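**Student:** Got run_24.cif for you, mmCIF, C-alpha atoms and all ligand atoms:
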data_data
loop_
_atom_site.label_atom_id
_atom_site.label_comp_id
_atom_site.auth_asym_id
_atom_site.auth_seq_id
_atom_site.Cartn_x
_atom_site.Cartn_y
_atom_site.Cartn_z
CA MET A 58 -0.20 -44.98 13.59
CA SER A 59 3.16 -43.38 12.95
CA GLY A 60 4.79 -40.00 13.17
CA LYS A 61 3.95 -36.93 15.18
CA GLN A 62 0.91 -36.01 17.26
CA PHE A 63 -1.98 -34.78 15.10
CA ILE A 64 -4.39 -32.56 17.07
CA ILE A 65 -7.42 -30.66 15.73
CA THR A 66 -8.89 -27.85 17.86
CA PHE A 67 -12.02 -25.87 17.00
CA TRP A 68 -11.96 -22.12 17.78
CA GLY A 69 -14.89 -20.98 15.61
CA VAL A 70 -17.62 -23.18 14.15
CA ARG A 71 -20.37 -20.76 13.12
CA GLY A 72 -21.03 -19.52 9.59
CA SER A 73 -21.80 -16.08 8.21
CA LEU A 74 -21.71 -13.90 11.33
CA PRO A 75 -20.58 -14.16 14.96
CA VAL A 76 -23.66 -14.85 17.08
CA PRO A 77 -22.71 -14.73 20.77
CA GLY A 78 -25.50 -14.93 23.31
CA PRO A 79 -27.41 -17.22 25.64
CA GLY A 80 -28.64 -19.43 22.78
CA THR A 81 -25.17 -20.35 21.51
CA VAL A 82 -23.06 -20.91 24.63
CA LYS A 83 -22.65 -24.67 24.12
CA PHE A 84 -21.58 -24.68 20.48
CA GLY A 85 -20.16 -21.16 20.35
CA GLY A 86 -20.86 -18.12 18.24
CA ASN A 87 -17.51 -17.43 16.56
CA THR A 88 -16.97 -17.74 12.83
CA PRO A 89 -14.64 -20.37 11.30
CA CYS A 90 -11.20 -21.08 12.68
CA VAL A 91 -9.71 -24.56 13.19
CA GLN A 92 -6.21 -25.21 14.53
CA VAL A 93 -4.31 -28.30 13.40
CA GLU A 94 -1.11 -29.15 15.25
CA ILE A 95 1.12 -31.80 13.72
CA GLY A 96 4.09 -32.29 16.01
CA ASP A 97 5.45 -28.79 16.65
CA ARG A 98 4.01 -27.41 13.39
CA LEU A 99 1.04 -25.03 13.53
CA PHE A 100 -1.66 -24.92 10.86
CA ILE A 101 -4.78 -22.77 10.91
CA LEU A 102 -7.84 -23.26 8.74
CA ASP A 103 -9.62 -19.93 8.18
CA ALA A 104 -9.37 -16.69 10.12
CA GLY A 105 -12.93 -16.02 11.22
CA SER A 106 -13.61 -14.40 14.60
CA GLY A 107 -12.47 -17.62 16.34
CA ILE A 108 -8.85 -16.82 15.47
CA TYR A 109 -8.92 -14.04 18.08
CA ASN A 110 -9.04 -16.57 20.94
CA LEU A 111 -6.48 -18.79 19.21
CA GLY A 112 -4.20 -15.76 18.98
CA GLN A 113 -4.58 -15.02 22.68
CA TYR A 114 -3.70 -18.64 23.44
CA LEU A 115 -0.62 -18.54 21.20
CA MET A 116 0.55 -15.30 22.83
CA GLN A 117 1.02 -17.18 26.10
CA LYS A 118 3.70 -19.40 24.54
CA ASP A 119 7.38 -18.63 24.89
CA GLY A 120 9.41 -17.85 21.80
CA PRO A 121 8.45 -16.90 18.26
CA VAL A 122 5.33 -18.34 16.62
CA SER A 123 5.24 -19.49 13.03
CA GLY A 124 2.45 -21.16 11.13
CA ASP A 125 0.63 -21.75 7.87
CA ILE A 126 -2.85 -20.27 7.57
CA PHE A 127 -5.17 -21.75 4.94
CA ILE A 128 -8.05 -19.51 3.90
CA THR A 129 -11.01 -21.09 2.10
CA HIS A 130 -12.11 -17.75 0.62
CA THR A 131 -12.36 -14.11 1.59
CA HIS A 132 -16.03 -13.87 2.50
CA TRP A 133 -15.95 -11.87 5.73
CA ASP A 134 -16.82 -14.71 8.07
CA HIS A 135 -13.56 -16.47 7.06
CA ILE A 136 -11.16 -13.51 7.37
CA GLN A 137 -12.75 -11.04 9.79
CA GLY A 138 -10.65 -12.24 12.74
CA PHE A 139 -7.28 -11.80 11.05
CA PRO A 140 -6.90 -8.08 11.96
CA PHE A 141 -7.30 -9.15 15.62
CA PHE A 142 -4.86 -12.09 15.49
CA ALA A 143 -2.34 -10.83 18.04
CA PRO A 144 0.64 -13.03 16.97
CA ALA A 145 0.58 -11.33 13.54
CA PHE A 146 1.56 -8.07 15.29
CA VAL A 147 4.72 -9.51 16.87
CA PRO A 148 8.03 -8.94 15.04
CA GLY A 149 9.90 -12.23 14.69
CA ASN A 150 6.73 -14.27 14.17
CA ARG A 151 6.24 -15.73 10.70
CA PHE A 152 3.08 -16.76 8.86
CA VAL A 153 2.30 -18.00 5.38
CA LEU A 154 -1.24 -17.34 4.18
CA TYR A 155 -2.62 -19.66 1.52
CA GLY A 156 -5.67 -18.84 -0.55
CA GLN A 157 -7.15 -18.21 -3.93
CA GLY A 158 -7.37 -14.96 -5.89
CA GLN A 159 -10.78 -13.92 -7.22
CA MET A 160 -12.29 -11.42 -9.64
CA ASN A 161 -8.91 -10.27 -11.08
CA SER A 162 -7.47 -9.73 -7.59
CA THR A 163 -4.64 -11.75 -6.12
CA PHE A 164 -5.28 -13.52 -2.83
CA ALA A 165 -2.79 -11.17 -1.15
CA ASP A 166 -4.71 -8.11 -2.37
CA LEU A 167 -7.98 -9.57 -1.14
CA MET A 168 -6.49 -10.10 2.33
CA ARG A 169 -4.99 -6.61 2.34
CA GLY A 170 -8.32 -5.14 1.20
CA GLN A 171 -10.20 -5.67 4.47
CA MET A 172 -7.42 -3.80 6.32
CA MET A 173 -7.26 -0.80 3.99
CA HIS A 174 -8.22 2.58 5.42
CA PRO A 175 -10.98 3.43 6.25
CA HIS A 176 -12.06 -0.16 6.98
CA PHE A 177 -9.34 -0.68 9.61
CA PRO A 178 -6.67 1.52 11.21
CA VAL A 179 -3.67 -0.79 10.66
CA MET A 180 -2.65 -1.96 7.20
CA LEU A 181 -1.73 -5.63 6.83
CA HIS A 182 1.90 -4.82 5.94
CA GLU A 183 2.15 -2.78 9.17
CA MET A 184 1.17 -5.67 11.43
CA GLY A 185 4.72 -6.59 12.44
CA ALA A 186 5.13 -10.31 11.82
CA HIS A 187 6.68 -11.55 8.60
CA ILE A 188 3.73 -12.52 6.39
CA ASP A 189 4.07 -14.33 3.06
CA PHE A 190 1.30 -15.23 0.65
CA CYS A 191 0.88 -18.34 -1.43
CA GLU A 192 -1.78 -18.58 -4.14
CA VAL A 193 -3.62 -21.88 -4.48
CA SER A 194 -5.60 -22.87 -7.52
CA GLY A 195 -7.39 -26.16 -6.83
CA ARG A 196 -5.87 -29.64 -7.07
CA ASP A 197 -2.66 -28.34 -5.52
CA GLU A 198 -0.33 -30.64 -3.67
CA ILE A 199 1.81 -28.59 -1.30
CA ASP A 200 4.81 -30.11 0.46
CA LEU A 201 4.89 -28.38 3.85
CA GLY A 202 8.00 -30.20 5.04
CA ASP A 203 8.34 -32.64 7.96
CA GLY A 204 6.36 -35.20 5.96
CA ILE A 205 3.24 -33.01 5.93
CA ILE A 206 1.23 -32.51 2.72
CA ALA A 207 -1.65 -30.13 1.99
CA ARG A 208 -4.00 -30.82 -0.91
CA THR A 209 -6.72 -28.60 -2.29
CA ALA A 210 -9.93 -28.79 -4.33
CA LEU A 211 -12.28 -26.10 -5.57
CA ASN A 212 -15.71 -25.77 -3.96
CA ASN A 213 -19.07 -24.90 -5.47
CA HIS A 214 -19.62 -21.50 -3.82
CA PRO A 215 -20.43 -17.94 -5.00
CA SER A 216 -17.10 -16.32 -6.04
CA GLY A 217 -15.32 -19.60 -5.28
CA SER A 218 -13.87 -21.29 -2.23
CA THR A 219 -11.16 -23.88 -1.59
CA SER A 220 -11.19 -27.09 0.42
CA TYR A 221 -8.05 -28.35 2.14
CA ARG A 222 -6.72 -31.71 3.23
CA LEU A 223 -3.79 -31.97 5.65
CA GLU A 224 -2.04 -35.30 5.92
CA HIS A 225 0.86 -36.79 7.76
CA GLY A 226 1.95 -40.29 8.72
CA GLY A 227 -1.09 -41.98 7.19
CA ARG A 228 -3.53 -39.70 9.00
CA SER A 229 -5.56 -36.91 7.44
CA CYS A 230 -8.01 -34.14 8.19
CA CYS A 231 -10.21 -32.53 5.51
CA TYR A 232 -11.77 -29.09 5.78
CA LEU A 233 -14.65 -28.81 3.33
CA THR A 234 -16.65 -25.70 4.03
CA ASP A 235 -18.56 -23.14 2.06
CA THR A 236 -19.48 -25.58 -0.60
CA GLU A 237 -22.77 -26.70 -2.13
CA HIS A 238 -23.45 -30.27 -3.24
CA TYR A 239 -25.00 -31.12 -6.58
CA ASP A 240 -27.71 -33.72 -7.08
CA TYR A 241 -24.86 -35.98 -5.97
CA PRO A 242 -21.78 -35.40 -3.77
CA ASP A 243 -19.20 -33.19 -5.48
CA PRO A 244 -16.76 -35.64 -7.12
CA GLU A 245 -13.79 -33.30 -6.54
CA LEU A 246 -14.49 -33.23 -2.80
CA VAL A 247 -15.14 -36.97 -2.64
CA GLU A 248 -11.70 -37.45 -4.16
CA LEU A 249 -10.10 -34.99 -1.73
CA ALA A 250 -11.74 -36.71 1.25
CA ARG A 251 -10.88 -40.24 0.09
CA GLY A 252 -10.12 -42.40 3.15
CA ALA A 253 -9.75 -39.36 5.45
CA ASP A 254 -9.88 -39.80 9.22
CA VAL A 255 -11.87 -36.61 9.79
CA VAL A 256 -14.03 -34.59 7.40
CA ILE A 257 -15.16 -31.18 8.63
CA TYR A 258 -18.15 -30.34 6.45
CA ASP A 259 -20.43 -27.40 5.63
CA ALA A 260 -23.71 -28.37 7.30
CA ASN A 261 -25.19 -24.88 7.34
CA PHE A 262 -28.62 -26.16 6.34
CA THR A 263 -30.78 -29.20 6.81
CA ASP A 264 -32.13 -30.89 3.68
CA GLU A 265 -35.55 -29.52 4.59
CA GLU A 266 -34.28 -25.94 4.70
CA TYR A 267 -32.20 -26.38 1.57
CA LEU A 268 -35.11 -27.69 -0.45
CA GLY A 269 -37.60 -25.19 1.00
CA TYR A 270 -40.42 -26.31 3.27
CA GLU A 271 -43.52 -24.84 4.85
CA GLY A 272 -43.46 -22.04 2.32
CA LEU A 273 -39.87 -20.97 3.10
CA PRO A 274 -37.64 -20.26 0.09
CA ALA A 275 -35.23 -22.97 -1.02
CA LYS A 276 -31.55 -22.25 -0.44
CA LYS A 277 -30.27 -23.69 -3.70
CA GLY A 278 -27.42 -21.60 -5.11
CA TRP A 279 -26.48 -20.10 -1.72
CA GLY A 280 -23.24 -22.11 -1.71
CA HIS A 281 -23.86 -24.24 1.37
CA SER A 282 -24.70 -27.85 2.08
CA THR A 283 -26.54 -30.02 4.60
CA TRP A 284 -25.69 -32.65 7.22
CA GLN A 285 -27.51 -35.25 5.13
CA GLU A 286 -25.22 -34.46 2.17
CA GLY A 287 -22.19 -34.63 4.47
CA ILE A 288 -23.10 -38.22 5.31
CA LYS A 289 -23.41 -39.05 1.60
CA LEU A 290 -20.00 -37.51 0.97
CA VAL A 291 -18.10 -39.36 3.72
CA ARG A 292 -19.70 -42.63 2.66
CA ALA A 293 -18.78 -42.04 -0.99
CA ALA A 294 -15.23 -41.14 0.06
CA GLY A 295 -14.79 -44.04 2.47
CA ALA A 296 -13.86 -41.46 5.11
CA ARG A 297 -14.29 -42.04 8.84
CA GLN A 298 -15.50 -39.27 11.13
CA LEU A 299 -17.88 -36.52 9.98
CA VAL A 300 -17.81 -33.18 11.80
CA LEU A 301 -20.76 -30.89 11.05
CA PHE A 302 -19.53 -27.31 10.72
CA HIS A 303 -20.45 -23.74 9.64
CA HIS A 304 -23.56 -23.81 11.80
CA ALA A 305 -26.32 -21.46 10.70
CA ILE A 306 -26.65 -18.19 12.59
CA PHE A 307 -30.31 -18.84 13.37
CA ARG A 308 -29.61 -22.22 15.03
CA ASN A 309 -29.53 -22.40 18.84
CA ASP A 310 -27.82 -25.02 21.00
CA GLU A 311 -30.90 -27.21 21.43
CA GLU A 312 -31.51 -27.27 17.68
CA LEU A 313 -27.88 -28.20 17.02
CA GLU A 314 -28.06 -31.01 19.56
CA GLU A 315 -31.17 -32.29 17.78
CA ILE A 316 -29.40 -32.18 14.40
CA GLU A 317 -26.42 -34.02 15.88
CA ARG A 318 -28.74 -36.65 17.34
CA ARG A 319 -30.54 -37.14 14.02
CA ALA A 320 -27.27 -37.34 12.10
CA ARG A 321 -25.79 -39.91 14.50
CA GLN A 322 -28.81 -42.16 14.00
CA VAL A 323 -27.89 -42.34 10.32
CA TYR A 324 -24.09 -42.16 10.66
CA PRO A 325 -22.86 -42.86 14.21
CA ASP A 326 -19.33 -41.49 13.72
CA CYS A 327 -20.60 -37.93 13.48
CA LEU A 328 -20.25 -34.86 15.69
CA ALA A 329 -21.47 -31.29 15.49
CA ALA A 330 -18.44 -29.03 15.94
CA ARG A 331 -18.27 -27.07 19.21
CA GLU A 332 -15.89 -24.29 20.13
CA GLY A 333 -13.12 -25.79 22.24
CA MET A 334 -13.64 -29.32 20.88
CA VAL A 335 -10.40 -31.26 20.37
CA ILE A 336 -9.91 -34.30 18.15
CA VAL A 337 -6.67 -36.26 18.41
CA LEU A 338 -5.80 -38.54 15.48
ZN ZN B 1 -18.84 -18.94 5.41
ZN ZN B 2 -18.69 -18.06 1.85
#
What's the structure tokens form of this structure?

**Tutor:**
Amino acid sequence: MSGKQFIITFWGVRGSLPVPGPGTVKFGGNTPCVQVEIGDRLFILDAGSGIYNLGQYLMQKDGPVSGDIFITHTHWDHIQGFPFFAPAFVPGNRFVLYGQGQMNSTFADLMRGQMMHPHFPVMLHEMGAHIDFCEVSGRDEIDLGDGIIARTALNNHPSGSTSYRLEHGGRSCCYLTDTEHYDYPDPELVELARGADVVIYDANFTDEEYLGYEGLPAKKGWGHSTWQEGIKLVRAAGARQLVLFHHAIFRNDEELEEIERRARQVYPDCLAAREGMVIVL
């Protein structure tokens, strides 16, 4: 191991919609947001409702806050927390938002769109912090300075989505969510996850749900994957730890614990993501 501390903290692990309530207290009900700290640098993966609590935490720190925010795509569950991210309202703070344009709109316009009147009372450019945008396109290699590199790959997801890999000092964390496998693991994502220490993966469904069972409709084409496919992907990529992520809204704590137990029988170095969980590389 070399270089700076590399810390991954989960603030939102649920897909599609926040689902607070007695059935989700252990794993959490907030939509995607993962914080990656590398030394004194701040990186944020997605701005789902979990970014609200991250923002409150960051507001307790002294001095200005700056960070890079990587957005997989602008489906609501991945951006709905941004208008409530308190540090973005503080003059002197600086953020760079990375993401992909879609449907003839730039990424910046897509992010501004959810804060246009009458959807929200404050426009993005009125928030206060200095906010820059950076378009990604898939297979990017972004030098973030301080020996930190971000890489991207395109996902198989309705309207598109981007996976990210952050690496520093021989350690790496991959964030592969809102993506559907093929009859085989997606070769682009296998390549992105090659040798990674941690792979956070879209395990919205089980194989049984995805394929359709007991008369339920199959979920093929919905743009999500399964824990079983996550195991295939980390094995194909020679990656180490698998973190199941983007938990389905209908899944309660007991069902998630059962999925985690089943997955660990097949691939022991596997966890189901929980809000508040911290992984140190
Ligand atoms: Zn999603
Ligand atoms: Zn999506």

**Student:** Do you know which residues are within 6 Å of ligand ZN 1 (chain B) using all atoms listed in the file? Can you write them as a list in words?

**Tutor:**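 For ligand ZN 1 (chain B), the residues inside 6 Å are Gly72, Ser73, Asp134 and Asp235 of chain A.
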
**Student:** How about saving the chosen residues, C-alpha atoms kept, as a CSV table (one decimal), in the frame of the given file?

**Tutor:**
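Result saved to result_13.csv:
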chain,number,residue,atom,x,y,z
A,72,GLY,CA,-21.0,-19.5,9.6
A,73,SER,CA,-21.8,-16.1,8.2
A,134,ASP,CA,-16.8,-14.7,8.1
A,235,ASP,CA,-18.6,-23.1,2.1

**Student:** Report as a ChimeraX atom specification which protein, DNA and RNA residues come within 9 Å of ligand ZN 2 (chain B), using only C-alpha atoms and all ligand atoms.

**Tutor:** /A:72-73,129-135,214-218,234-236,279-281

**Student:** Write a file of the selected residues as a PDB file, in the coordinates of the input, keeping C-alpha atoms.

**Tutor:**
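Contents of result.pdb, as written:
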ATOM      1  CA  GLY A  72     -21.030 -19.520   9.590  1.00  0.00           C
ATOM      2  CA  SER A  73     -21.800 -16.080   8.210  1.00  0.00           C
ATOM      3  CA  THR A 129     -11.010 -21.090   2.100  1.00  0.00           C
ATOM      4  CA  HIS A 130     -12.110 -17.750   0.620  1.00  0.00           C
ATOM      5  CA  THR A 131     -12.360 -14.110   1.590  1.00  0.00           C
ATOM      6  CA  HIS A 132     -16.030 -13.870   2.500  1.00  0.00           C
ATOM      7  CA  TRP A 133     -15.950 -11.870   5.730  1.00  0.00           C
ATOM      8  CA  ASP A 134     -16.820 -14.710   8.070  1.00  0.00           C
ATOM      9  CA  HIS A 135     -13.560 -16.470   7.060  1.00  0.00           C
ATOM     10  CA  HIS A 214     -19.620 -21.500  -3.820  1.00  0.00           C
ATOM     11  CA  PRO A 215     -20.430 -17.940  -5.000  1.00  0.00           C
ATOM     12  CA  SER A 216     -17.100 -16.320  -6.040  1.00  0.00           C
ATOM     13  CA  GLY A 217     -15.320 -19.600  -5.280  1.00  0.00           C
ATOM     14  CA  SER A 218     -13.870 -21.290  -2.230  1.00  0.00           C
ATOM     15  CA  THR A 234     -16.650 -25.700   4.030  1.00  0.00           C
ATOM     16  CA  ASP A 235     -18.560 -23.140   2.060  1.00  0.00           C
ATOM     17  CA  THR A 236     -19.480 -25.580  -0.600  1.00  0.00           C
ATOM     18  CA  TRP A 279     -26.480 -20.100  -1.720  1.00  0.00           C
ATOM     19  CA  GLY A 280     -23.240 -22.110  -1.710  1.00  0.00           C
ATOM     20  CA  HIS A 281     -23.860 -24.240   1.370  1.00  0.00           C
TER      21      HIS A 281
END

**Student:** Enter the distance from atom CA of Phe127 of chain A to atom CA of Glu317 of chain A, in Å, rounded to one decimal.

**Tutor:**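 Spanning atom CA of Phe127 of chain A to atom CA of Glu317 of chain A is a straight-line distance of 26.9 Å.
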
**Student:** I'd like the interatomic distance between atom CA of Leu115 of chain A and atom CA of Ala145 of chain A, to a tenth of an Å.

**Tutor:**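 Separation of atom CA of Leu115 of chain A and atom CA of Ala145 of chain A: 10.6 Å.
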
**Student:** Pick the closest to Gly204 of chain A from A:Asp125, A:Asp240, A:Glu224, A:Glu271: which is it, counting all atoms listed in the file?

**Tutor:**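 Smallest separation from Gly204 of chain A among the options: A:Glu224.
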
**Student:** Which residue, A:Tyr221, A:Tyr109, A:Phe307, A:Tyr155, has the smallest gap to Glu192 of chain A when you use all atoms listed in the file?

**Tutor:**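 Closest residue, counting all atoms listed in the file: A:Tyr155.
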
**Student:** Mind pulling up the distance from atom CA of Leu74 of chain A to atom CA of Ala210 of chain A?

**Tutor:**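 Those two atoms sit 24.6 Å apart.
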
**Student:** Between A:Arg331, A:His304, A:Arg297, A:Arg318, single out the one closest to Val76 of chain A, counting only C-alpha atoms.

**Tutor:**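 Closest to Val76 of chain A, using only C-alpha atoms: A:His304.
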
**Student:** Need the neighbours of (-20.7, -41.1, -0.1): which residues are at most 12 Å away, counting only C-alpha atoms, as number ranges by chain?

**Tutor:** A: 238, 241-244, 246-248, 250-252, 256, 285-297, 299, 324
